[in-house]
$ cat run.txt   # compact mmCIF, C-alpha atoms
# COMPACT_ATOMS: atom_id res chain seq x y z
CA GLN A 166 309.23 95.61 158.37
CA CYS A 167 306.10 93.48 157.86
CA PRO A 168 307.97 90.24 156.96
CA ASN A 169 310.21 90.64 160.03
CA THR A 170 307.20 91.26 162.25
CA LEU A 171 305.47 88.15 160.91
CA ALA A 172 308.59 86.06 161.39
CA ALA A 173 308.97 87.28 164.95
CA ALA A 174 305.35 86.47 165.72
CA LEU A 175 305.65 82.97 164.31
CA ALA A 176 308.92 82.39 166.13
CA THR A 177 307.20 82.91 169.48
CA HIS A 178 304.76 80.06 168.87
CA GLY A 179 304.38 78.14 172.12
CA VAL A 180 306.09 80.81 174.27
CA VAL A 181 302.88 82.46 175.46
CA HIS A 182 301.17 80.09 177.86
CA ALA A 183 297.46 79.87 178.51
CA GLN A 184 295.94 81.90 181.32
CA ASP A 185 292.26 81.95 182.21
CA TYR A 186 290.46 85.28 182.62
CA GLN A 187 287.06 86.66 183.61
CA ALA A 188 287.07 90.19 182.15
CA GLU A 189 288.47 92.03 179.15
CA ALA A 190 289.04 95.77 178.63
CA GLY A 191 290.07 97.47 175.39
CA LEU A 192 291.25 100.86 174.16
CA SER A 193 290.80 101.66 170.45
CA TYR A 194 291.91 104.35 168.02
CA ILE A 195 290.21 104.64 164.63
CA ASP A 196 291.34 106.74 161.66
CA ILE A 197 288.60 107.55 159.13
CA ASP A 198 289.09 108.97 155.64
CA VAL A 199 285.94 109.84 153.66
CA ASP A 200 286.70 111.06 150.13
CA GLY A 201 289.68 113.09 151.34
CA PHE A 202 288.12 114.26 154.60
CA SER A 203 289.87 112.84 157.67
CA ASP A 204 288.48 112.19 161.12
CA SER A 205 289.40 110.07 164.13
CA ALA A 206 287.68 108.23 166.96
CA ILE A 207 288.65 106.85 170.34
CA GLY A 208 286.80 103.94 171.95
CA LEU A 209 286.69 102.06 175.23
CA ASP A 210 285.11 98.65 175.80
CA PHE A 211 284.68 96.26 178.72
CA THR A 212 283.32 92.71 178.88
CA TYR A 213 282.64 90.68 182.03
CA PHE A 214 282.27 86.90 181.77
CA ILE A 215 279.95 85.14 184.21
CA GLU A 216 282.45 82.26 184.54
CA SER A 217 286.19 82.23 183.93
CA VAL A 218 287.23 81.70 180.30
CA ASN A 219 289.33 78.57 179.81
CA THR A 220 292.14 79.25 177.33
CA GLN A 221 293.93 75.90 177.47
CA ASP A 222 294.74 74.52 173.97
CA ARG A 223 292.49 77.12 172.29
CA PRO A 224 293.13 80.20 170.16
CA LEU A 225 293.05 82.99 172.73
CA ALA A 226 290.85 85.26 170.59
CA GLU A 227 288.14 82.56 170.33
CA ALA A 228 288.41 80.94 173.76
CA TYR A 229 285.19 82.49 175.09
CA PHE A 230 283.23 81.30 172.05
CA LEU A 231 284.54 77.74 172.25
CA GLY A 232 283.85 77.74 175.99
CA ARG A 233 280.32 79.12 175.49
CA ASN A 234 280.99 81.78 178.11
CA SER A 235 278.01 84.02 178.93
CA ASN A 236 278.93 87.69 179.26
CA VAL A 237 277.77 91.28 179.52
CA GLY A 238 279.57 94.27 178.08
CA ALA A 239 279.64 98.02 177.56
CA SER A 240 281.41 100.29 175.09
CA TYR A 241 281.84 103.98 174.37
CA MET A 242 283.20 105.72 171.27
CA THR A 243 283.60 109.39 170.41
CA VAL A 244 284.26 110.71 166.88
CA ASP A 245 286.17 113.99 166.84
CA GLU A 246 285.20 116.23 163.90
CA ALA A 247 281.81 114.59 163.27
CA ASP A 248 280.92 115.23 166.96
CA ILE A 249 279.31 111.80 167.43
CA ASP A 250 279.22 109.85 170.71
CA THR A 251 278.08 106.23 170.87
CA LEU A 252 277.23 104.16 173.96
CA GLY A 253 276.72 100.44 173.55
CA LEU A 254 275.45 97.69 175.87
CA SER A 255 275.57 93.98 175.05
CA ALA A 256 274.80 90.56 176.51
CA GLU A 257 275.38 86.98 175.37
CA PHE A 258 273.98 83.97 177.22
CA TRP A 259 274.31 80.24 176.71
CA ILE A 260 271.78 77.70 177.98
CA GLU A 261 273.55 74.48 177.03
CA ASN A 262 273.39 74.57 173.18
CA ILE A 263 270.98 77.53 172.98
CA TYR A 264 272.47 80.97 172.32
CA VAL A 265 270.69 84.25 173.16
CA ALA A 266 272.17 87.72 172.57
CA ALA A 267 271.03 91.33 172.64
CA ASP A 268 272.63 94.70 171.92
CA PHE A 269 271.61 98.31 172.52
CA SER A 270 273.26 101.44 171.13
CA ARG A 271 272.62 105.12 171.73
CA VAL A 272 274.14 107.54 169.20
CA ASP A 273 274.28 111.24 170.03
CA ASP A 274 274.93 113.29 166.88
CA GLY A 275 276.08 116.67 168.11
CA PHE A 276 276.47 118.12 164.61
CA PHE A 277 272.78 117.58 163.71
CA ASP A 278 271.60 117.60 167.35
CA GLU A 279 269.91 114.19 167.01
CA THR A 280 269.83 111.03 169.10
CA PHE A 281 269.26 107.50 167.81
CA ASN A 282 268.41 104.48 169.96
CA ASP A 283 268.78 101.11 168.21
CA TYR A 284 268.74 97.49 169.35
CA SER A 285 269.27 94.00 168.04
CA ALA A 286 268.49 90.48 169.25
CA ARG A 287 269.76 87.08 168.11
CA LEU A 288 268.72 83.51 168.86
CA GLY A 289 270.95 80.60 167.91
CA TYR A 290 271.84 76.98 168.38
CA MET A 291 275.24 75.29 168.66
CA MET A 292 275.00 72.56 166.04
CA SER A 293 278.36 71.06 167.01
CA ASP A 294 281.13 71.87 169.47
CA SER A 295 282.16 74.91 167.42
CA LEU A 296 279.43 75.61 164.81
CA LEU A 297 276.80 78.23 165.70
CA GLY A 298 273.79 79.12 163.57
CA TYR A 299 271.52 82.04 164.46
CA VAL A 300 268.74 84.35 163.33
CA GLY A 301 268.13 87.88 164.52
CA LEU A 302 266.38 91.23 164.29
CA LYS A 303 267.53 94.87 164.22
CA ASP A 304 265.26 97.84 164.83
CA GLY A 305 265.24 101.35 166.25
CA ASP A 306 265.42 105.00 165.30
CA SER A 307 267.94 104.39 162.49
CA PHE A 308 265.63 101.90 160.72
CA ASP A 309 262.58 102.69 158.62
CA GLU A 310 261.88 98.94 158.49
CA ASN A 311 263.09 96.03 160.62
CA SER A 312 266.29 94.31 159.51
CA PHE A 313 266.35 90.51 159.66
CA LEU A 314 269.56 88.57 160.21
CA ALA A 315 270.79 85.03 159.61
CA GLY A 316 274.33 83.86 160.18
CA VAL A 317 276.83 81.17 161.11
CA LYS A 318 280.13 81.10 163.01
CA TYR A 319 282.53 78.17 162.86
CA VAL A 320 285.86 77.73 164.62
CA ALA A 321 287.59 74.66 163.19
CA ASP A 322 290.66 72.74 164.36
CA ILE A 323 292.48 71.87 161.14
CA GLY A 324 295.38 70.03 162.75
CA SER A 325 298.14 72.55 162.20
CA GLY A 326 296.03 75.38 163.61
CA PHE A 327 292.55 76.85 163.80
CA VAL A 328 290.36 78.86 161.45
CA ASN A 329 287.46 81.15 162.29
CA LEU A 330 284.80 81.48 159.58
CA GLU A 331 281.78 83.80 159.85
CA ALA A 332 278.96 84.70 157.47
CA GLU A 333 275.90 86.90 158.05
CA ILE A 334 273.19 88.20 155.76
CA GLU A 335 271.04 91.20 156.70
CA THR A 336 267.92 92.06 154.74
CA ASN A 337 265.97 95.29 155.06
CA ASP A 338 262.98 96.09 152.85
CA GLY A 339 264.45 94.18 149.91
CA ASP A 340 268.05 95.39 150.34
CA ASN A 341 270.57 92.70 151.29
CA VAL A 342 274.03 92.93 152.85
CA LEU A 343 276.28 89.85 153.05
CA SER A 344 279.23 90.02 155.47
CA LEU A 345 282.02 87.41 155.35
CA MET A 346 285.00 87.01 157.67
CA GLY A 347 287.82 84.47 157.75
CA ASP A 348 290.78 84.27 160.14
CA TYR A 349 293.64 81.78 160.22
CA PHE A 350 295.47 81.16 163.51
CA PHE A 351 299.18 80.64 162.90
CA SER A 352 299.37 79.88 166.62
CA ASN A 353 296.98 80.24 169.55
CA GLN A 354 298.33 83.78 169.95
CA PHE A 355 298.51 85.09 166.37
CA SER A 356 295.82 85.35 163.68
CA ALA A 357 295.25 87.19 160.41
CA GLY A 358 292.35 87.24 157.99
CA VAL A 359 290.15 88.93 155.44
CA ARG A 360 286.71 90.60 155.50
CA VAL A 361 284.26 91.09 152.62
CA VAL A 362 280.97 93.03 152.60
CA GLU A 363 278.76 92.58 149.52
CA THR A 364 275.47 94.44 149.02
CA ASP A 365 272.84 94.82 146.33
CA VAL A 366 272.06 98.38 147.46
CA ASP A 367 272.28 100.66 144.41
CA GLY A 368 275.45 102.74 144.28
CA VAL A 369 277.28 100.83 147.01
CA ASP A 370 280.34 98.82 146.00
CA THR A 371 281.80 95.72 147.61
CA GLY A 372 283.87 96.40 150.72
CA PHE A 373 287.15 94.66 151.51
CA GLY A 374 289.24 94.47 154.65
CA VAL A 375 292.09 92.71 156.43
CA GLY A 376 292.76 92.23 160.12
CA THR A 377 295.23 90.71 162.54
CA ARG A 378 295.54 90.12 166.28
CA TYR A 379 298.55 89.10 168.35
CA PHE A 380 298.86 88.29 172.06
CA PHE A 381 302.18 89.65 173.32
CA THR A 382 301.49 88.06 176.73
CA PRO A 383 298.61 85.85 177.93
CA THR A 384 296.77 89.01 179.01
CA VAL A 385 297.86 91.70 176.52
CA SER A 386 296.97 91.72 172.82
CA GLY A 387 297.10 94.16 169.93
CA GLU A 388 294.71 94.33 166.96
CA LEU A 389 294.95 96.04 163.58
CA GLU A 390 292.07 96.30 161.08
CA TYR A 391 291.79 97.99 157.69
CA PHE A 392 288.57 98.28 155.67
CA THR A 393 287.69 100.15 152.49
CA GLN A 394 284.36 100.62 150.73
CA ASP A 395 283.56 103.20 148.05
CA ASP A 396 285.42 106.36 149.14
CA VAL A 397 285.65 105.41 152.83
CA ASP A 398 288.88 104.02 154.34
CA VAL A 399 289.02 102.99 157.98
CA ILE A 400 292.08 101.91 160.01
CA GLY A 401 291.47 100.62 163.53
CA LEU A 402 293.97 99.88 166.32
CA ARG A 403 293.00 98.21 169.60
CA ILE A 404 294.95 97.08 172.64
$ encode --input "run.txt" --output "structure tokens"
Amino acid sequence: QCPNTLAAALATHGVVHAQDYQAEAGLSYIDIDVDGFSDSAIGLDFTYFIESVNTQDRPLAEAYFLGRNSNVGASYMTVDEADIDTLGLSAEFWIENIYVAADFSRVDDGFFDETFNDYSARLGYMMSDSLLGYVGLKDGDSFDENSFLAGVKYVADIGSGFVNLEAEIETNDGDNVLSLMGDYFFSNQFSAGVRVVETDVDGVDTGFGVGTRYFFTPTVSGELEYFTQDDVDVIGLRI
């Protein structure tokens, strides 16, 4: 059914009209398979934008980035068999071309009766209308040493559509992780892309993933992600 689904999505190009918004809420289901052991997770997320997000003539999934819309958010996820609960708080602010972001996460591990509080911060600069470069820091209970970040995000208008390209490198005490993401927008409503995670950590192989998002209406979208690394396979659904 995949070819028919793709054809139907492409056929609706131009049918879904732009509609501005000021908040976004999501419900996620995640299926996790670790070397034959299966688990599942359910997540909720909410983001509030300080000003309305303009979606006119923009890919809907990247409208807030192109509009440099400051926002605050919260998320919650619970993993069933592993008995893990995660609470996240986030904020992104734009001061003209300057970008400032911070995240906090609290992980309650019921199986081992442990709690981890971690945070990250990023500082960036918009080098053009749609090219962001940033540096950052991660620290907290899960880290023996600070992790340092550097990354770029670029949303390009290529005439027939848009592409979203992202790259980030994280280094921690000599270990490096490079994350790459690329999405092509067949229309402002429909995108699909690939993800790659490469690391020089001993014993950890390269991870690969694919993802897609489609807006059924201006205010309702569905997302599907698949990622595999070593003996871990993750499938995520979000609406």
$ closest_residue --input "run.txt" --among "A:Asp185, A:Asp322, A:Asp198, A:Glu246" --to "Val218 (chain A)" --atoms "all atoms listed in the file"
A:Asp185
$ residues_around --input "run.txt" --residues "Glu333 (chain A)" --least-positions-apart "2" --cutoff "7 Å" --atoms "all atoms listed in the file" --output "JSON, numbers by chain"
{"A": [314, 315, 316, 317, 331, 335, 343, 344, 345]}
$ closest_residue --input "run.txt" --among "A:Tyr299, A:Tyr391, A:Tyr213, A:Phe351" --to "Ser240 (chain A)" --atoms "all atoms listed in the file"
A:Tyr213
$ closest_residue --input "run.txt" --among "A:Glu310, A:Val300, A:Thr364, A:Phe350" --to "Ile323 (chain A)" --atoms "all atoms listed in the file"
A:Phe350
$ residues_near_point --input "run.txt" --point "(280.0, 114.9, 169.6)" --cutoff "12 Å" --atoms "all atoms listed in the file" --output "compact mmCIF listing (two decimals) with C-alpha atoms, in the coordinates of the input"
# COMPACT_ATOMS: atom_id res chain seq x y z
CA SER A 205 289.40 110.07 164.13
CA ALA A 206 287.68 108.23 166.96
CA ILE A 207 288.65 106.85 170.34
CA MET A 242 283.20 105.72 171.27
CA THR A 243 283.60 109.39 170.41
CA VAL A 244 284.26 110.71 166.88
CA ASP A 245 286.17 113.99 166.84
CA GLU A 246 285.20 116.23 163.90
CA ALA A 247 281.81 114.59 163.27
CA ASP A 248 280.92 115.23 166.96
CA ILE A 249 279.31 111.80 167.43
CA ASP A 250 279.22 109.85 170.71
CA THR A 251 278.08 106.23 170.87
CA LEU A 252 277.23 104.16 173.96
CA VAL A 272 274.14 107.54 169.20
CA ASP A 273 274.28 111.24 170.03
CA ASP A 274 274.93 113.29 166.88
CA GLY A 275 276.08 116.67 168.11
CA PHE A 276 276.47 118.12 164.61
CA PHE A 277 272.78 117.58 163.71
CA ASP A 278 271.60 117.60 167.35
CA GLU A 279 269.91 114.19 167.01
CA THR A 280 269.83 111.03 169.10
$ residues_near_point --input "run.txt" --point "(281.1, 86.6, 179.3)" --cutoff "7 Å" --atoms "all atoms listed in the file" --output "JSON, numbers by chain"
{"A": [212, 213, 214, 215, 216, 234, 235, 236, 237, 257]}
$ build_atoms --input "run.txt" --residues "region 203-235 of chain A" --atoms "N, CA and C atoms" --output "CSV table (one decimal), in the frame of the given file"
chain,number,residue,atom,x,y,z
A,203,SER,N,289.4,113.7,156.6
A,203,SER,CA,289.9,112.8,157.7
A,203,SER,C,289.2,113.1,159.0
A,204,ASP,N,289.0,112.1,159.8
A,204,ASP,CA,288.5,112.2,161.1
A,204,ASP,C,289.1,111.1,161.9
A,205,SER,N,288.9,111.1,163.2
A,205,SER,CA,289.4,110.1,164.1
A,205,SER,C,288.4,109.8,165.3
A,206,ALA,N,288.6,108.6,165.9
A,206,ALA,CA,287.7,108.2,167.0
A,206,ALA,C,288.5,107.5,168.0
A,207,ILE,N,288.0,107.6,169.2
A,207,ILE,CA,288.6,106.8,170.3
A,207,ILE,C,287.5,106.1,171.0
A,208,GLY,N,287.8,104.8,171.3
A,208,GLY,CA,286.8,103.9,172.0
A,208,GLY,C,287.3,103.2,173.2
A,209,LEU,N,286.4,102.9,174.1
A,209,LEU,CA,286.7,102.1,175.2
A,209,LEU,C,285.7,100.9,175.3
A,210,ASP,N,286.1,99.7,175.7
A,210,ASP,CA,285.1,98.6,175.8
A,210,ASP,C,285.5,97.8,177.0
A,211,PHE,N,284.5,97.1,177.6
A,211,PHE,CA,284.7,96.3,178.7
A,211,PHE,C,283.7,95.1,178.7
A,212,THR,N,284.2,93.9,178.9
A,212,THR,CA,283.3,92.7,178.9
A,212,THR,C,283.6,91.9,180.1
A,213,TYR,N,282.5,91.5,180.8
A,213,TYR,CA,282.6,90.7,182.0
A,213,TYR,C,282.0,89.3,181.7
A,214,PHE,N,282.7,88.3,182.0
A,214,PHE,CA,282.3,86.9,181.8
A,214,PHE,C,281.8,86.3,183.1
A,215,ILE,N,280.6,85.7,183.0
A,215,ILE,CA,280.0,85.1,184.2
A,215,ILE,C,280.8,84.1,184.9
A,216,GLU,N,281.5,83.2,184.0
A,216,GLU,CA,282.4,82.3,184.5
A,216,GLU,C,283.8,82.5,183.9
A,217,SER,N,284.9,82.0,184.5
A,217,SER,CA,286.2,82.2,183.9
A,217,SER,C,286.3,81.6,182.6
A,218,VAL,N,287.0,82.2,181.7
A,218,VAL,CA,287.2,81.7,180.3
A,218,VAL,C,288.5,80.8,180.3
A,219,ASN,N,288.3,79.5,179.9
A,219,ASN,CA,289.3,78.6,179.8
A,219,ASN,C,290.1,78.7,178.5
A,220,THR,N,291.4,79.0,178.5
A,220,THR,CA,292.1,79.2,177.3
A,220,THR,C,293.1,78.1,177.0
A,221,GLN,N,293.0,77.0,177.7
A,221,GLN,CA,293.9,75.9,177.5
A,221,GLN,C,293.7,75.3,176.1
A,222,ASP,N,294.8,75.2,175.3
A,222,ASP,CA,294.7,74.5,174.0
A,222,ASP,C,293.7,75.1,173.0
A,223,ARG,N,293.4,76.4,173.1
A,223,ARG,CA,292.5,77.1,172.3
A,223,ARG,C,293.1,78.4,171.8
A,224,PRO,N,292.7,78.9,170.6
A,224,PRO,CA,293.1,80.2,170.2
A,224,PRO,C,292.6,81.2,171.1
A,225,LEU,N,293.4,82.1,171.6
A,225,LEU,CA,293.0,83.0,172.7
A,225,LEU,C,291.9,83.9,172.3
A,226,ALA,N,291.9,84.3,171.0
A,226,ALA,CA,290.8,85.3,170.6
A,226,ALA,C,289.5,84.6,170.5
A,227,GLU,N,289.4,83.3,170.5
A,227,GLU,CA,288.1,82.6,170.3
A,227,GLU,C,287.8,81.7,171.5
A,228,ALA,N,288.6,81.8,172.6
A,228,ALA,CA,288.4,80.9,173.8
A,228,ALA,C,287.0,81.1,174.4
A,229,TYR,N,286.5,82.3,174.5
A,229,TYR,CA,285.2,82.5,175.1
A,229,TYR,C,284.1,81.9,174.2
A,230,PHE,N,284.2,81.9,172.9
A,230,PHE,CA,283.2,81.3,172.0
A,230,PHE,C,283.2,79.8,172.2
A,231,LEU,N,284.4,79.2,172.1
A,231,LEU,CA,284.5,77.7,172.2
A,231,LEU,C,284.1,77.3,173.6
A,232,GLY,N,284.3,78.1,174.6
A,232,GLY,CA,283.8,77.7,176.0
A,232,GLY,C,282.4,78.1,176.3
A,233,ARG,N,281.7,78.7,175.3
A,233,ARG,CA,280.3,79.1,175.5
A,233,ARG,C,280.2,79.9,176.8
A,234,ASN,N,281.0,81.0,176.9
A,234,ASN,CA,281.0,81.8,178.1
A,234,ASN,C,280.0,82.9,178.0
A,235,SER,N,279.0,82.9,178.9
A,235,SER,CA,278.0,84.0,178.9
A,235,SER,C,278.7,85.3,179.4
